[in-house]
>>> print(open('entry02.cif').read())   # mmCIF, C-alpha atoms
data_coords
loop_
_atom_site.label_atom_id
_atom_site.label_comp_id
_atom_site.auth_asym_id
_atom_site.auth_seq_id
_atom_site.Cartn_x
_atom_site.Cartn_y
_atom_site.Cartn_z
CA MET A 965 11.50 -6.83 8.69
CA GLU A 966 7.86 -5.80 9.13
CA LEU A 967 5.27 -7.87 7.27
CA GLY A 968 1.75 -6.81 6.47
CA ILE A 969 -1.16 -6.74 4.10
CA TYR A 970 -2.97 -4.19 2.03
CA SER A 971 -6.36 -4.50 0.37
CA PHE A 972 -8.43 -2.47 -2.05
CA GLY A 973 -11.68 -3.97 -0.73
CA GLU A 974 -12.42 -5.56 -4.10
CA THR A 975 -16.11 -6.23 -4.81
CA ALA A 976 -18.08 -8.42 -7.17
CA LEU A 977 -19.75 -6.74 -10.14
CA ASP A 978 -23.18 -7.53 -11.52
CA PRO A 979 -22.38 -9.30 -14.80
CA ALA A 980 -25.35 -7.72 -16.56
CA THR A 981 -24.96 -4.10 -15.43
CA GLY A 982 -21.40 -3.77 -14.15
CA GLU A 983 -22.78 -2.28 -10.94
CA GLN A 984 -21.18 -2.89 -7.54
CA ARG A 985 -22.59 -5.71 -5.42
CA GLY A 986 -22.18 -6.38 -1.71
CA ALA A 987 -20.27 -3.28 -0.59
CA GLY A 988 -21.53 -3.56 2.99
CA SER A 989 -20.59 -7.20 3.43
CA ARG A 990 -17.19 -6.58 1.84
CA LEU A 991 -16.46 -3.69 4.19
CA ARG A 992 -17.43 -5.74 7.23
CA ALA A 993 -15.27 -8.62 6.00
CA LEU A 994 -12.38 -6.22 5.52
CA VAL A 995 -12.50 -5.20 9.18
CA GLU A 996 -12.46 -8.89 10.12
CA GLU A 997 -9.38 -9.33 7.92
CA VAL A 998 -7.59 -6.60 9.86
CA GLU A 999 -8.52 -8.38 13.10
CA CYS A 1000 -7.16 -11.64 11.70
CA ALA A 1001 -3.92 -9.97 10.62
CA GLU A 1002 -3.35 -8.67 14.13
CA ARG A 1003 -4.26 -12.00 15.70
CA VAL A 1004 -1.59 -13.85 13.67
CA GLY A 1005 1.08 -11.28 14.51
CA LEU A 1006 1.37 -9.16 11.35
CA ASP A 1007 2.64 -5.61 11.70
CA VAL A 1008 0.70 -3.43 9.26
CA PHE A 1009 -2.62 -3.34 7.41
CA GLY A 1010 -3.24 -0.91 4.57
CA ILE A 1011 -6.52 -0.09 2.83
CA GLY A 1012 -6.63 1.56 -0.59
CA GLU A 1013 -8.76 4.47 -1.80
CA HIS A 1014 -10.72 4.07 -5.03
CA HIS A 1015 -13.79 5.63 -6.57
CA ARG A 1016 -14.89 2.76 -8.82
CA ALA A 1017 -17.55 0.06 -8.83
CA ASP A 1018 -14.99 -2.73 -8.46
CA TYR A 1019 -13.72 -1.51 -5.06
CA ALA A 1020 -15.76 -0.88 -1.91
CA VAL A 1021 -13.45 1.63 -0.19
CA SER A 1022 -13.57 5.29 -1.14
CA ALA A 1023 -12.98 6.48 2.45
CA PRO A 1024 -10.18 4.34 3.93
CA ALA A 1025 -9.92 6.39 7.12
CA VAL A 1026 -13.48 5.36 8.04
CA VAL A 1027 -12.76 1.65 7.54
CA LEU A 1028 -9.46 1.92 9.39
CA ALA A 1029 -11.22 3.64 12.30
CA ALA A 1030 -13.63 0.71 12.52
CA ALA A 1031 -10.63 -1.62 12.53
CA ALA A 1032 -8.89 0.48 15.19
CA ALA A 1033 -11.82 -0.09 17.54
CA ARG A 1034 -11.36 -3.87 17.21
CA THR A 1035 -7.56 -4.10 17.36
CA SER A 1036 -4.83 -2.96 19.74
CA ARG A 1037 -1.40 -3.41 18.13
CA ILE A 1038 -1.35 -3.52 14.33
CA ARG A 1039 -0.40 -0.33 12.46
CA LEU A 1040 -3.06 1.14 10.17
CA THR A 1041 -2.49 3.04 6.94
CA PRO A 1042 -4.19 3.99 3.71
CA ALA A 1043 -2.65 2.29 0.71
CA VAL A 1044 -2.83 4.86 -0.70
CA SER A 1045 -4.54 8.15 0.06
CA VAL A 1046 -4.97 9.89 -3.31
CA LEU A 1047 -3.66 13.21 -2.05
CA SER A 1048 -3.74 15.03 -5.40
CA SER A 1049 -7.53 15.07 -5.51
CA ASP A 1050 -8.13 15.54 -1.78
CA ASP A 1051 -7.73 18.38 0.70
CA PRO A 1052 -4.52 17.93 2.74
CA VAL A 1053 -6.14 19.54 5.78
CA ARG A 1054 -8.90 16.93 5.81
CA VAL A 1055 -6.44 14.10 5.12
CA PHE A 1056 -4.31 15.21 8.06
CA GLN A 1057 -7.32 15.60 10.36
CA GLN A 1058 -8.71 12.18 9.42
CA TYR A 1059 -5.46 10.36 10.14
CA ALA A 1060 -4.67 12.42 13.25
CA THR A 1061 -8.13 11.36 14.46
CA LEU A 1062 -7.34 7.74 13.58
CA ASP A 1063 -4.04 8.07 15.42
CA GLN A 1064 -5.81 9.24 18.57
CA LEU A 1065 -8.47 6.53 18.32
CA SER A 1066 -5.88 3.80 17.80
CA GLY A 1067 -3.45 4.94 20.48
CA GLY A 1068 -0.73 6.04 18.06
CA ARG A 1069 -0.95 3.33 15.38
CA ALA A 1070 -1.82 5.42 12.31
CA GLU A 1071 0.31 6.20 9.30
CA ILE A 1072 -0.39 8.02 6.04
CA MET A 1073 0.73 6.55 2.73
CA VAL A 1074 0.16 9.07 -0.04
CA GLY A 1075 0.39 8.61 -3.77
CA ARG A 1076 -1.01 9.79 -7.04
CA GLY A 1077 -3.15 6.67 -7.28
CA SER A 1078 -3.37 4.02 -9.96
CA PHE A 1079 -6.70 5.32 -11.29
CA THR A 1080 -7.89 8.82 -12.19
CA GLU A 1081 -11.64 8.77 -11.36
CA SER A 1082 -11.15 10.94 -8.27
CA PHE A 1083 -9.82 13.90 -10.26
CA PRO A 1084 -13.01 14.85 -12.16
CA LEU A 1085 -15.11 13.69 -9.19
CA PHE A 1086 -13.51 16.34 -6.97
CA GLY A 1087 -13.10 18.99 -9.66
CA GLN A 1088 -9.39 18.59 -10.33
CA ASP A 1089 -7.79 18.94 -13.74
CA LEU A 1090 -5.67 16.00 -14.86
CA ALA A 1091 -3.44 18.50 -16.64
CA ASP A 1092 -2.26 19.53 -13.16
CA TYR A 1093 -1.45 15.93 -12.17
CA GLU A 1094 2.17 16.50 -11.08
CA GLU A 1095 1.75 19.97 -9.63
CA LEU A 1096 -1.27 18.94 -7.55
CA PHE A 1097 0.69 16.22 -5.79
CA ASP A 1098 3.78 18.36 -5.18
CA GLU A 1099 1.81 21.25 -3.73
CA LYS A 1100 -0.53 19.18 -1.58
CA LEU A 1101 2.28 17.04 -0.21
CA ALA A 1102 4.11 20.21 0.81
CA LEU A 1103 1.02 21.39 2.69
CA LEU A 1104 0.51 17.98 4.35
CA LEU A 1105 4.09 18.05 5.64
CA ARG A 1106 3.63 21.56 6.98
CA LEU A 1107 0.45 20.47 8.78
CA ARG A 1108 2.41 17.68 10.43
CA GLU A 1109 5.04 20.11 11.73
CA GLN A 1110 2.87 23.07 12.75
CA THR A 1111 -0.38 23.40 14.67
CA ARG A 1112 -0.99 26.88 13.25
CA VAL A 1113 -0.59 27.07 9.51
CA GLU A 1114 -0.03 29.87 7.02
CA TRP A 1115 -0.42 28.72 3.43
CA ARG A 1116 -0.45 30.14 -0.09
CA GLY A 1117 -0.81 27.90 -3.11
CA ARG A 1118 -2.45 27.52 -6.52
CA HIS A 1119 -4.76 24.58 -5.93
CA ARG A 1120 -6.30 25.28 -2.53
CA PRO A 1121 -7.70 28.37 -0.82
CA ASP A 1122 -5.20 30.23 1.35
CA ILE A 1123 -4.87 29.48 5.05
CA ASP A 1124 -4.29 32.55 7.22
CA ASP A 1125 -2.62 31.46 10.46
CA ARG A 1126 -5.28 28.91 11.37
CA PRO A 1127 -4.86 26.05 13.88
CA VAL A 1128 -5.53 22.50 12.72
CA TYR A 1129 -6.88 19.94 15.18
CA PRO A 1130 -6.76 17.28 16.45
CA ARG A 1131 -3.04 16.74 16.67
CA PRO A 1132 -1.96 13.10 16.38
CA ALA A 1133 -1.01 10.97 19.38
CA GLN A 1134 2.43 10.34 17.86
CA ASP A 1135 4.93 13.17 18.00
CA ARG A 1136 5.39 12.88 14.24
CA LEU A 1137 2.70 11.09 12.26
CA PRO A 1138 4.53 8.82 9.76
CA ILE A 1139 4.01 9.87 6.14
CA TRP A 1140 5.10 7.46 3.39
CA VAL A 1141 5.21 8.17 -0.33
CA ALA A 1142 4.08 5.34 -2.61
CA VAL A 1143 5.80 5.15 -5.99
CA GLY A 1144 5.59 2.87 -8.99
CA GLY A 1145 9.15 3.21 -10.18
CA THR A 1146 9.17 6.73 -11.70
CA PRO A 1147 12.59 8.30 -11.00
CA ARG A 1148 11.10 11.74 -10.34
CA SER A 1149 8.82 10.29 -7.65
CA VAL A 1150 11.73 8.43 -6.07
CA VAL A 1151 13.90 11.55 -5.92
CA ARG A 1152 11.00 13.59 -4.51
CA ALA A 1153 10.49 11.17 -1.63
CA ALA A 1154 14.20 11.07 -0.84
CA GLY A 1155 14.62 14.83 -1.03
CA LEU A 1156 11.80 15.32 1.46
CA GLY A 1157 13.25 12.71 3.82
CA LEU A 1158 10.16 10.51 3.56
CA PRO A 1159 9.90 6.72 3.71
CA MET A 1160 9.10 5.18 0.33
CA ALA A 1161 6.75 2.33 -0.59
CA LEU A 1162 7.76 0.78 -3.91
CA ALA A 1163 5.03 -1.11 -5.76
CA ILE A 1164 6.24 -4.07 -7.84
CA ILE A 1165 3.28 -5.76 -9.53
CA GLY A 1166 4.91 -7.28 -12.60
CA GLY A 1167 8.21 -8.17 -14.20
CA ALA A 1168 11.50 -9.11 -12.62
CA PRO A 1169 11.91 -7.38 -9.24
CA ALA A 1170 15.65 -7.02 -9.90
CA ARG A 1171 14.91 -4.31 -12.47
CA PHE A 1172 13.77 -2.06 -9.61
CA ARG A 1173 17.09 -2.20 -7.81
CA PRO A 1174 18.38 0.95 -9.58
CA MET A 1175 15.33 2.79 -8.23
CA VAL A 1176 16.21 1.79 -4.69
CA GLU A 1177 19.83 2.82 -5.23
CA LEU A 1178 18.63 6.15 -6.64
CA TYR A 1179 16.42 6.65 -3.58
CA ARG A 1180 19.29 6.08 -1.17
CA GLU A 1181 21.74 8.20 -3.18
CA ALA A 1182 19.24 11.07 -3.41
CA ALA A 1183 18.55 10.85 0.34
CA ALA A 1184 22.27 11.05 1.09
CA GLN A 1185 22.65 14.05 -1.21
CA ALA A 1186 19.72 15.71 0.56
CA GLY A 1187 21.59 15.36 3.86
CA GLU A 1188 19.66 12.46 5.38
CA ALA A 1189 22.02 11.07 7.99
CA GLY A 1190 20.26 7.74 8.52
CA ARG A 1191 18.80 5.27 6.06
CA LEU A 1192 15.19 6.06 5.24
CA PRO A 1193 12.66 3.23 5.67
CA LEU A 1194 11.70 1.36 2.50
CA SER A 1195 8.66 -0.85 1.86
CA VAL A 1196 8.21 -3.21 -1.08
CA ASN A 1197 4.55 -3.82 -1.95
CA GLY A 1198 3.23 -6.51 -4.29
CA HIS A 1199 0.36 -8.80 -5.18
CA GLY A 1200 0.08 -12.08 -3.29
CA PHE A 1201 -1.96 -15.07 -2.24
CA ILE A 1202 -0.95 -18.04 -0.08
CA ALA A 1203 -2.44 -21.51 0.24
CA ASP A 1204 -1.21 -24.68 1.92
CA ASP A 1205 -0.26 -26.10 -1.48
CA ALA A 1206 1.51 -24.10 -4.21
CA ALA A 1207 -0.53 -25.51 -7.10
CA GLU A 1208 -3.74 -24.85 -5.16
CA ALA A 1209 -2.66 -21.25 -4.55
CA ARG A 1210 -2.20 -20.65 -8.27
CA GLU A 1211 -5.50 -22.30 -9.18
CA ILE A 1212 -7.40 -20.18 -6.64
CA ALA A 1213 -5.67 -16.89 -7.47
CA TRP A 1214 -5.70 -17.16 -11.27
CA PRO A 1215 -9.43 -16.66 -12.11
CA PRO A 1216 -9.91 -13.41 -10.12
CA TYR A 1217 -6.50 -12.19 -11.30
CA LEU A 1218 -7.49 -12.85 -14.93
CA GLU A 1219 -10.82 -11.10 -14.56
CA THR A 1220 -9.47 -8.07 -12.69
CA MET A 1221 -6.25 -7.49 -14.63
CA GLY A 1222 -8.02 -8.28 -17.88
CA ARG A 1223 -10.72 -5.68 -17.18
CA ILE A 1224 -8.18 -3.03 -16.17
CA GLY A 1225 -6.06 -3.96 -19.18
CA ARG A 1226 -8.99 -3.42 -21.54
CA GLU A 1227 -9.46 0.06 -20.07
CA ARG A 1228 -5.79 0.90 -20.64
CA GLY A 1229 -5.04 -0.94 -23.84
CA TRP A 1230 -2.87 -3.67 -22.30
CA PRO A 1231 -2.78 -7.18 -23.72
CA PRO A 1232 -4.87 -9.71 -21.76
CA PRO A 1233 -3.12 -11.74 -19.05
CA SER A 1234 -2.03 -15.23 -20.02
CA ARG A 1235 -1.82 -18.24 -17.75
CA ALA A 1236 1.77 -18.88 -18.84
CA ARG A 1237 2.77 -15.35 -17.88
CA PHE A 1238 0.91 -15.60 -14.57
CA ASP A 1239 2.73 -18.84 -13.71
CA ALA A 1240 6.05 -17.24 -14.60
CA GLU A 1241 5.30 -14.26 -12.35
CA CYS A 1242 4.56 -16.73 -9.53
CA GLY A 1243 7.99 -18.32 -10.02
CA PRO A 1244 11.21 -17.40 -8.21
CA ASP A 1245 12.08 -14.52 -10.55
CA GLY A 1246 8.59 -13.04 -10.91
CA ALA A 1247 6.77 -10.33 -8.98
CA LEU A 1248 3.76 -12.27 -7.65
CA PHE A 1249 3.87 -13.69 -4.12
CA VAL A 1250 1.53 -16.53 -5.01
CA GLY A 1251 2.35 -19.99 -3.68
CA ASP A 1252 2.73 -22.03 -0.54
CA PRO A 1253 4.29 -20.54 2.62
CA ARG A 1254 7.81 -21.71 1.77
CA GLU A 1255 7.72 -20.27 -1.77
CA VAL A 1256 6.41 -16.93 -0.54
CA ALA A 1257 8.97 -16.78 2.27
CA ASP A 1258 11.76 -17.61 -0.20
CA LYS A 1259 10.67 -14.76 -2.44
CA ILE A 1260 10.45 -12.24 0.42
CA VAL A 1261 13.95 -13.18 1.59
CA ALA A 1262 15.31 -13.01 -1.98
CA GLN A 1263 13.86 -9.53 -2.42
CA HIS A 1264 15.38 -8.47 0.88
CA ALA A 1265 18.76 -9.51 -0.52
CA LEU A 1266 18.06 -7.24 -3.52
CA PHE A 1267 16.70 -4.20 -1.72
CA GLY A 1268 17.56 -4.43 1.99
CA HIS A 1269 14.10 -3.07 2.71
CA ASP A 1270 12.34 -2.72 6.05
CA ARG A 1271 8.77 -3.77 5.24
CA THR A 1272 6.93 -6.08 2.84
CA LEU A 1273 3.22 -5.55 2.20
CA LEU A 1274 1.23 -8.05 0.14
CA GLN A 1275 -2.07 -7.21 -1.53
CA PHE A 1276 -4.70 -9.82 -0.64
CA SER A 1277 -6.36 -10.23 -3.06
CA VAL A 1278 -6.32 -9.23 -6.73
CA GLY A 1279 -10.00 -9.68 -7.53
CA PRO A 1280 -12.77 -10.98 -5.27
CA LEU A 1281 -12.15 -14.19 -3.34
CA PRO A 1282 -14.29 -15.87 -0.65
CA HIS A 1283 -13.76 -14.25 2.72
CA GLU A 1284 -12.72 -17.51 4.40
CA THR A 1285 -10.12 -18.08 1.68
CA VAL A 1286 -8.61 -14.65 2.29
CA LEU A 1287 -8.58 -15.25 6.06
CA ARG A 1288 -6.68 -18.50 5.54
CA SER A 1289 -4.13 -16.71 3.36
CA ILE A 1290 -3.65 -14.06 6.06
CA GLU A 1291 -3.28 -16.78 8.67
CA LEU A 1292 -0.57 -18.52 6.64
CA LEU A 1293 1.32 -15.25 6.15
CA GLY A 1294 1.37 -14.59 9.88
CA THR A 1295 1.86 -18.08 11.31
CA GLU A 1296 4.08 -19.75 8.70
CA VAL A 1297 5.64 -17.22 6.32
CA ALA A 1298 6.58 -14.58 8.90
CA PRO A 1299 8.50 -16.97 11.22
CA LEU A 1300 10.40 -18.44 8.26
CA VAL A 1301 11.37 -14.98 7.01
CA GLN A 1302 12.38 -13.61 10.39
CA ARG A 1303 14.37 -16.69 11.34
CA ARG A 1304 16.18 -16.61 8.04
CA LEU A 1305 16.98 -12.89 8.14
CA GLU A 1306 18.26 -13.18 11.72
CA SER A 1307 20.44 -16.23 11.02
CA HIS A 1308 21.97 -14.75 7.88
CA ALA A 1309 22.26 -11.10 8.87
CA GLY A 1310 24.89 -9.50 6.70
CA ALA A 1311 25.04 -12.34 4.17
CA ASP A 1312 25.25 -11.30 0.52
CA ARG A 1313 22.85 -13.93 -0.76
CA PRO A 1314 20.28 -16.14 0.99
CA ALA A 1315 20.54 -19.90 1.02
CA THR A 1316 17.56 -22.24 0.98
CA LEU A 1317 15.16 -21.70 3.86
CA PRO A 1318 15.45 -24.26 6.67
CA SER A 1319 12.85 -27.00 6.94
#
>>> encode(input="entry02.cif", output="structure tokens")
Amino acid sequence: MELGIYSFGETALDPATGEQRGAGSRLRALVEEVECAERVGLDVFGIGEHHRADYAVSAPAVVLAAAAARTSRIRLTPAVSVLSSDDPVRVFQQYATLDQLSGGRAEIMVGRGSFTESFPLFGQDLADYEELFDEKLALLLRLREQTRVEWRGRHRPDIDDRPVYPRPAQDRLPIWVAVGGTPRSVVRAAGLGLPMALAIIGGAPARFRPMVELYREAAAQAGEAGRLPLSVNGHGFIADDAAEAREIAWPPYLETMGRIGRERGWPPPSRARFDAECGPDGALFVGDPREVADKIVAQHALFGHDRTLLQFSVGPLPHETVLRSIELLGTEVAPLVQRRLESHAGADRPATLPS
């Protein structure tokens, strides 16, 4: 299984004004976090796209290009590119450029995004939410397959047999679809033969198993001969001690999820619920290396997936604290997980991880 990290480049807010603070230092720290992830042997680093004061990254391809210049092996992806409000031609060109710069390490993870600020910012109508994504994804896939493109659609000017450059270094630039558990999104990804990234940020992960089964059944019905790659993405934080991990992660989690919850009418997070989500049956990968490894292996038994990406962190944390969490994921969690999956290949259920 591949293991990696994704980040939204969370920033501190001025308590008096709500304005963003320290975007430059956060962006530079983010590039250092990608370097650290590669140094400790992780496989993938993803950077999200947002257009809000609480996140520093609105142009993930730029940040990933900076990281590409300082790394040599780790794969680089947006997490996600909000394709519905962007131009697929520019998205393709940006990540084809990143692929050339990085020597063939780029991917594109597209999704509708968890926030909607980009739609009015770029002149898109939220009433077209579903149609925008369907149409733009179709164009992105055509751009991947053809250098010269002919295109007619509703939400973008026509393209009359125009070439699109640069072409990526890889023969076929990987394109993943990120979903949050909506059956229509799952079936769309499967029908197009695209790898799927399933976000599980709350509740019992077992409730998402029907979505994974639907994905694989829909792929088979669409004529996909092999099993499509699947990623499971979730929130996480690792410290040397489990209690310490929870104490460090809880305050920024409370502030961030509480603020987003107030925007959306959700109830405020509670410490009891947070602790339950950190437990064996919850969605949060927050704990010591053994607890996090146990949870990754348990989810692999549920889903049989190919990649796990953990979001470090939910809310601002000191840079050195995040680096230590990345280090623990690469040097302690990853070996435990890989050793366990190799030694119990084909087993129905995992046993306790070895000491």
>>> residues_around(input="entry02.cif", residues="Trp1115 of chain A", least_positions_apart="2", cutoff="9 Å", atoms="all atoms listed in the file", output="PyMOL selection string")
chain A and resi 1103+1106+1113+1117+1121-1125
>>> resolve_selection(input="entry02.cif", expression="the PyMOL selection byres ((chain A and resi 965) around 6)", output="PDB file with C-alpha atoms, in the coordinates of the input")
ATOM      1  CA  GLU A 966       7.860  -5.800   9.130  1.00  0.00           C
ATOM      2  CA  ASP A1270      12.340  -2.720   6.050  1.00  0.00           C
ATOM      3  CA  ARG A1271       8.770  -3.770   5.240  1.00  0.00           C
TER       4      ARG A1271
END
>>> atom_distance(input="entry02.cif", atom1="atom CA of Leu1104 of chain A", atom2="atom CA of Val995 of chain A")
27.0 Å
>>> resolve_selection(input="entry02.cif", expression="the PyMOL selection byres ((chain A and resi 1282) around 12)", output="number ranges by chain")
A: 974-976, 989-990, 993-994, 997, 1212-1213, 1216, 1276-1277, 1279-1281, 1283-1289
>>> residues_around(input="entry02.cif", residues="Gly1294 of chain A", least_positions_apart="6", cutoff="10 Å", atoms="only C-alpha atoms", output="PyMOL selection string")
chain A and resi 967-968+1000-1007+1253+1288+1300
>>> residues_around(input="entry02.cif", residues="Glu983 of chain A", least_positions_apart="2", cutoff="12 Å", atoms="only C-alpha atoms", output="JSON, numbers by chain")
{"A": [975, 976, 977, 978, 979, 980, 981, 985, 986, 987, 1016, 1017, 1018, 1019, 1020]}
>>> atom_distance(input="entry02.cif", atom1="atom CA of Ala1025 of chain A", atom2="atom CA of Arg1228 of chain A")
28.6 Å
>>> resolve_selection(input="entry02.cif", expression="the PyMOL selection byres ((chain A and resi 1127-1132) around 6)", output="PyMOL selection string")
chain A and resi 1060+1063-1064+1111-1112+1126+1133-1134
>>> atom_distance(input="entry02.cif", atom1="atom CA of Phe1238 of chain A", atom2="atom CA of Pro1215 of chain A")
10.7 Å
>>> closest_residue(input="entry02.cif", among="A:Glu1099, A:Leu1040, A:Ala1163, A:Val1278", to="Thr1220 of chain A", atoms="all atoms listed in the file")
A:Val1278
>>> residues_around(input="entry02.cif", residues="segment 1081-1084 of chain A", least_positions_apart="3", cutoff="6 Å", atoms="only C-alpha atoms", output="list in words")
Ser1049, Gly1087 and Gln1088 of chain A
